$ cat run.txt   # compact mmCIF, C-alpha atoms and all ligand atoms
# COMPACT_ATOMS: atom_id res chain seq x y z
CA MET A 212 10.58 -48.55 -35.33
CA PRO A 213 13.15 -45.73 -35.24
CA CYS A 214 12.08 -42.21 -36.10
CA THR A 215 13.40 -41.39 -39.53
CA SER A 216 13.33 -37.63 -38.95
CA CYS A 217 15.55 -38.04 -35.89
CA GLN A 218 18.26 -39.97 -37.67
CA GLY A 219 21.58 -38.20 -37.58
CA LEU A 220 20.70 -36.09 -34.53
CA ASP A 221 23.00 -36.39 -31.60
CA ARG A 222 21.59 -36.13 -28.09
CA ARG A 223 22.67 -32.47 -27.67
CA THR A 224 21.12 -31.33 -30.95
CA PHE A 225 17.92 -33.19 -30.16
CA LEU A 226 17.64 -31.55 -26.72
CA GLU A 227 18.40 -28.10 -28.15
CA GLN A 228 15.58 -28.54 -30.65
CA VAL A 229 13.17 -29.71 -27.95
CA VAL A 230 14.05 -26.69 -25.79
CA ALA A 231 13.63 -24.36 -28.76
CA ILE A 232 10.19 -25.79 -29.54
CA LEU A 233 9.07 -25.63 -25.91
CA GLY A 234 10.46 -22.14 -25.55
CA VAL A 235 8.47 -20.87 -28.51
CA SER A 236 5.35 -22.57 -27.18
CA GLY A 237 5.95 -21.02 -23.79
CA LEU A 238 6.27 -17.55 -25.27
CA ALA A 239 3.06 -17.99 -27.22
CA ALA A 240 1.26 -19.03 -24.04
CA CYS A 241 2.71 -16.09 -22.13
CA SER A 242 1.73 -13.55 -24.74
CA ALA A 243 -1.84 -14.83 -24.60
CA ASN A 244 -1.83 -14.08 -20.88
CA LEU A 245 -0.61 -10.51 -21.06
CA GLY A 246 -2.98 -7.82 -19.91
CA THR A 247 -4.01 -4.91 -22.00
CA THR A 248 -1.56 -2.12 -22.68
CA PRO A 249 -2.00 0.73 -20.20
CA ASN A 250 -4.19 3.36 -21.74
CA ILE A 251 -5.00 6.63 -20.03
CA SER A 252 -5.07 10.32 -20.70
CA PRO A 253 -2.98 12.33 -18.22
CA PHE A 254 -4.99 13.65 -15.27
CA THR A 255 -4.49 15.32 -11.90
CA VAL A 256 -6.04 14.45 -8.55
CA SER A 257 -5.85 16.04 -5.11
CA VAL A 258 -4.29 13.80 -2.49
CA SER A 259 -6.78 15.14 0.06
CA SER A 260 -9.62 13.67 -2.00
CA PHE A 261 -8.42 10.22 -0.98
CA PRO A 262 -8.13 9.98 2.82
CA SER A 263 -6.25 6.66 2.68
CA LEU A 264 -3.38 8.42 0.90
CA ALA A 265 -2.75 10.62 3.94
CA SER A 266 -0.71 7.78 5.44
CA VAL A 267 2.37 5.98 4.14
CA GLY A 268 1.23 2.59 2.84
CA GLY A 269 -2.17 3.94 1.90
CA LEU A 270 -3.87 2.78 -1.29
CA ALA A 271 -6.72 4.38 -3.17
CA VAL A 272 -8.55 3.77 -6.40
CA VAL A 273 -8.41 7.11 -8.18
CA ASP A 274 -10.77 6.11 -10.96
CA ASN A 275 -13.22 8.82 -9.99
CA GLY A 276 -14.12 10.03 -13.43
CA ALA A 277 -11.16 12.43 -13.59
CA HIS A 278 -9.68 10.45 -16.44
CA THR A 279 -10.54 8.02 -19.18
CA GLY A 280 -8.96 4.66 -19.75
CA ASP A 281 -7.78 1.95 -17.42
CA PRO A 282 -8.82 2.00 -13.74
CA ILE A 283 -5.92 3.21 -11.61
CA ALA A 284 -4.83 2.99 -8.00
CA VAL A 285 -2.27 5.13 -6.22
CA ALA A 286 -0.04 3.87 -3.43
CA ARG A 287 1.78 6.16 -1.02
CA ILE A 288 5.28 4.72 -0.61
CA ASP A 289 6.69 7.40 1.69
CA ALA A 290 6.04 11.01 2.65
CA THR A 291 6.68 12.33 -0.85
CA THR A 292 6.60 9.28 -3.12
CA PHE A 293 3.52 7.90 -4.80
CA ILE A 294 3.13 5.28 -7.48
CA ALA A 295 0.21 4.80 -9.82
CA LEU A 296 -0.76 1.33 -10.97
CA SER A 297 -3.09 0.00 -13.59
CA LEU A 298 -5.82 -2.10 -12.03
CA VAL A 299 -6.06 -4.16 -15.19
CA CYS A 300 -4.76 -7.60 -14.29
CA PRO A 301 -1.88 -8.57 -16.57
CA HIS A 302 -3.15 -12.15 -16.66
CA ARG A 303 -6.50 -11.85 -18.41
CA GLY A 304 -7.62 -8.28 -17.85
CA PHE A 305 -9.98 -8.54 -14.89
CA THR A 306 -10.06 -5.46 -12.67
CA VAL A 307 -7.83 -5.90 -9.64
CA GLN A 308 -9.15 -4.79 -6.25
CA ILE A 309 -7.41 -3.33 -3.21
CA SER A 310 -7.05 -6.10 -0.64
CA GLY A 311 -5.30 -5.47 2.66
CA PRO A 312 -1.87 -3.97 2.03
CA GLY A 313 -1.91 -4.89 -1.69
CA PHE A 314 -4.16 -6.03 -4.51
CA TYR A 315 -6.16 -9.13 -5.38
CA CYS A 316 -7.60 -10.29 -8.68
CA ALA A 317 -10.82 -12.23 -8.35
CA GLY A 318 -10.42 -13.47 -11.91
CA HIS A 319 -8.00 -16.28 -11.09
CA GLY A 320 -6.54 -15.33 -7.72
CA ALA A 321 -3.38 -13.38 -8.52
CA THR A 322 -2.11 -11.17 -5.71
CA PHE A 323 0.14 -8.12 -5.89
CA SER A 324 2.01 -6.01 -3.37
CA ALA A 325 1.35 -2.31 -2.88
CA ASN A 326 4.06 -1.53 -5.43
CA GLY A 327 2.37 -3.73 -8.03
CA SER A 328 4.74 -6.69 -7.86
CA TRP A 329 3.12 -10.07 -8.36
CA THR A 330 3.21 -11.95 -5.04
CA GLY A 331 1.21 -15.14 -5.54
CA GLY A 332 -1.81 -16.96 -6.86
CA GLN A 333 -2.16 -17.18 -10.63
CA PRO A 334 1.32 -16.58 -12.07
CA THR A 335 1.45 -13.40 -14.12
CA SER A 336 3.53 -10.28 -14.48
CA ASN A 337 3.51 -7.18 -12.29
CA LEU A 338 0.85 -4.50 -12.54
CA SER A 339 1.70 -1.76 -15.03
CA ARG A 340 2.85 1.56 -13.64
CA TYR A 341 2.16 5.10 -14.70
CA ALA A 342 4.32 8.15 -14.16
CA VAL A 343 3.35 10.27 -11.14
CA VAL A 344 4.45 13.79 -10.34
CA TYR A 345 3.69 14.90 -6.80
CA ASP A 346 3.26 18.62 -6.27
CA ALA A 347 3.62 18.93 -2.50
CA ALA A 348 2.69 22.61 -2.45
CA ALA A 349 -0.55 22.01 -4.32
CA GLY A 350 -1.15 18.57 -2.82
CA THR A 351 -1.76 17.06 -6.22
CA LEU A 352 -0.66 14.08 -8.23
CA LYS A 353 -0.32 14.30 -11.98
CA ILE A 354 -0.67 10.83 -13.44
CA SER A 355 0.30 10.11 -17.02
S1 LIG B 1 -7.35 -12.16 -14.71
FE1 LIG B 1 -6.49 -14.05 -14.12
S2 LIG B 1 -5.54 -13.65 -12.22
FE2 LIG B 1 -6.31 -11.75 -12.85
$ encode --input "run.txt" --output "structure tokens"
Amino acid sequence: MPCTSCQGLDRRTFLEQVVAILGVSGLAACSANLGTTPNISPFTVSVSSFPSLASVGGLAVVDNGAHTGDPIAVARIDATTFIALSLVCPHRGFTVQISGPGFYCAGHGATFSANGSWTGGQPTSNLSRYAVVYDAAAGTLKIS
């Protein structure tokens, strides 16, 4: 028995409608998987308080009570460049842990590079970043 609601649809129109429906469903599924919005109050830490940040490639969790809000890690990218990343997994909000040269989420297995880019495991988006200002003279990082 032919579908009465499909009568008059050519193949192209039918496929466009299927794609539109699937696209909307896909967006709804993706939005359900987004992590929480980054939420911190600006704070400052001394680089020397985190020995692993003395070396390029070093990572440190800087959630030492100096701020409120999401747990944060800092990565040293080069001699004068640092990035700050939310440790809230963008998939379902578990706290991501430092693992080797990057990060791992025990929630569902997502992995991220030191710069917060998703690298494997559970598909999700990259870790959220915060602004960092490095004061070389003072040896501090202002994270906001
Ligand atoms: S919460 Fe699912 S992979 Fe992190």
$ axis_aligned_box --input "run.txt" --around "ligand LIG 1 (chain B)" --padding-each-side "8 Å" --output "AutoDock Vina command-line options"
--center_x -6.4 --center_y -12.9 --center_z -13.5 --size_x 17.8 --size_y 18.3 --size_z 18.5
$ residues_around --input "run.txt" --residues "Ser328 of chain A" --least-positions-apart "3" --cutoff "6 Å" --atoms "all atoms listed in the file" --output "PDB file with C-alpha atoms, in the coordinates of the input"
ATOM      1  CA  PHE A 323       0.140  -8.120  -5.890  1.00  0.00           C
ATOM      2  CA  SER A 324       2.010  -6.010  -3.370  1.00  0.00           C
ATOM      3  CA  ASN A 337       3.510  -7.180 -12.290  1.00  0.00           C
TER       4      ASN A 337
END
$ residues_around --input "run.txt" --residues "segment 305-314 of chain A" --least-positions-apart "4" --cutoff "10 Å" --atoms "all atoms listed in the file" --output "PyMOL selection string"
chain A and resi 246-247+268-272+281-284+286+297-301+318-330+338
$ write_last_selection --input "run.txt" --atoms "C-alpha atoms" --output "mmCIF file, in the coordinates of the input"
data_model
loop_
_atom_site.group_PDB
_atom_site.id
_atom_site.type_symbol
_atom_site.label_atom_id
_atom_site.label_comp_id
_atom_site.auth_asym_id
_atom_site.auth_seq_id
_atom_site.Cartn_x
_atom_site.Cartn_y
_atom_site.Cartn_z
ATOM 1 C CA GLY A 246 -2.980 -7.820 -19.910
ATOM 2 C CA THR A 247 -4.010 -4.910 -22.000
ATOM 3 C CA GLY A 268 1.230 2.590 2.840
ATOM 4 C CA GLY A 269 -2.170 3.940 1.900
ATOM 5 C CA LEU A 270 -3.870 2.780 -1.290
ATOM 6 C CA ALA A 271 -6.720 4.380 -3.170
ATOM 7 C CA VAL A 272 -8.550 3.770 -6.400
ATOM 8 C CA ASP A 281 -7.780 1.950 -17.420
ATOM 9 C CA PRO A 282 -8.820 2.000 -13.740
ATOM 10 C CA ILE A 283 -5.920 3.210 -11.610
ATOM 11 C CA ALA A 284 -4.830 2.990 -8.000
ATOM 12 C CA ALA A 286 -0.040 3.870 -3.430
ATOM 13 C CA SER A 297 -3.090 0.000 -13.590
ATOM 14 C CA LEU A 298 -5.820 -2.100 -12.030
ATOM 15 C CA VAL A 299 -6.060 -4.160 -15.190
ATOM 16 C CA CYS A 300 -4.760 -7.600 -14.290
ATOM 17 C CA PRO A 301 -1.880 -8.570 -16.570
ATOM 18 C CA GLY A 318 -10.420 -13.470 -11.910
ATOM 19 C CA HIS A 319 -8.000 -16.280 -11.090
ATOM 20 C CA GLY A 320 -6.540 -15.330 -7.720
ATOM 21 C CA ALA A 321 -3.380 -13.380 -8.520
ATOM 22 C CA THR A 322 -2.110 -11.170 -5.710
ATOM 23 C CA PHE A 323 0.140 -8.120 -5.890
ATOM 24 C CA SER A 324 2.010 -6.010 -3.370
ATOM 25 C CA ALA A 325 1.350 -2.310 -2.880
ATOM 26 C CA ASN A 326 4.060 -1.530 -5.430
ATOM 27 C CA GLY A 327 2.370 -3.730 -8.030
ATOM 28 C CA SER A 328 4.740 -6.690 -7.860
ATOM 29 C CA TRP A 329 3.120 -10.070 -8.360
ATOM 30 C CA THR A 330 3.210 -11.950 -5.040
ATOM 31 C CA LEU A 338 0.850 -4.500 -12.540
#
$ atom_distance --input "run.txt" --atom1 "atom CA of Val285 of chain A" --atom2 "atom CA of Cys316 of chain A"
16.5 Å
$ closest_residue --input "run.txt" --among "A:Ser339, A:Gly332, A:Ala348, A:Val267" --to "ligand LIG 1 (chain B)" --atoms "only C-alpha atoms and all ligand atoms"
A:Gly332
$ residues_around --input "run.txt" --residues "segment 252-265 of chain A" --least-positions-apart "2" --cutoff "6 Å" --atoms "all atoms listed in the file" --output "list in words"
Gly269, His278, Arg287, Gly350, Thr351, Leu352, Lys353, Ile354 and Ser355 of chain A
$ write_last_selection --input "run.txt" --atoms "C-alpha atoms" --output "compact mmCIF listing (two decimals), in the coordinates of the input"
# COMPACT_ATOMS: atom_id res chain seq x y z
CA GLY A 269 -2.17 3.94 1.90
CA HIS A 278 -9.68 10.45 -16.44
CA ARG A 287 1.78 6.16 -1.02
CA GLY A 350 -1.15 18.57 -2.82
CA THR A 351 -1.76 17.06 -6.22
CA LEU A 352 -0.66 14.08 -8.23
CA LYS A 353 -0.32 14.30 -11.98
CA ILE A 354 -0.67 10.83 -13.44
CA SER A 355 0.30 10.11 -17.02
$ atom_distance --input "run.txt" --atom1 "atom CA of Thr279 of chain A" --atom2 "atom S1 of ligand LIG 1 (chain B)"
20.9 Å
$ closest_residue --input "run.txt" --among "A:Ala317, A:Ile288, A:Ile251, A:Ile294" --to "ligand LIG 1 (chain B)" --atoms "only C-alpha atoms and all ligand atoms"
A:Ala317
$ atom_distance --input "run.txt" --atom1 "atom CA of Gly331 of chain A" --atom2 "atom S1 of ligand LIG 1 (chain B)"
12.9 Å
$ closest_residue --input "run.txt" --among "A:Ala342, A:Ala347, A:Ser266, A:Gly304" --to "ligand LIG 1 (chain B)" --atoms "only C-alpha atoms and all ligand atoms"
A:Gly304
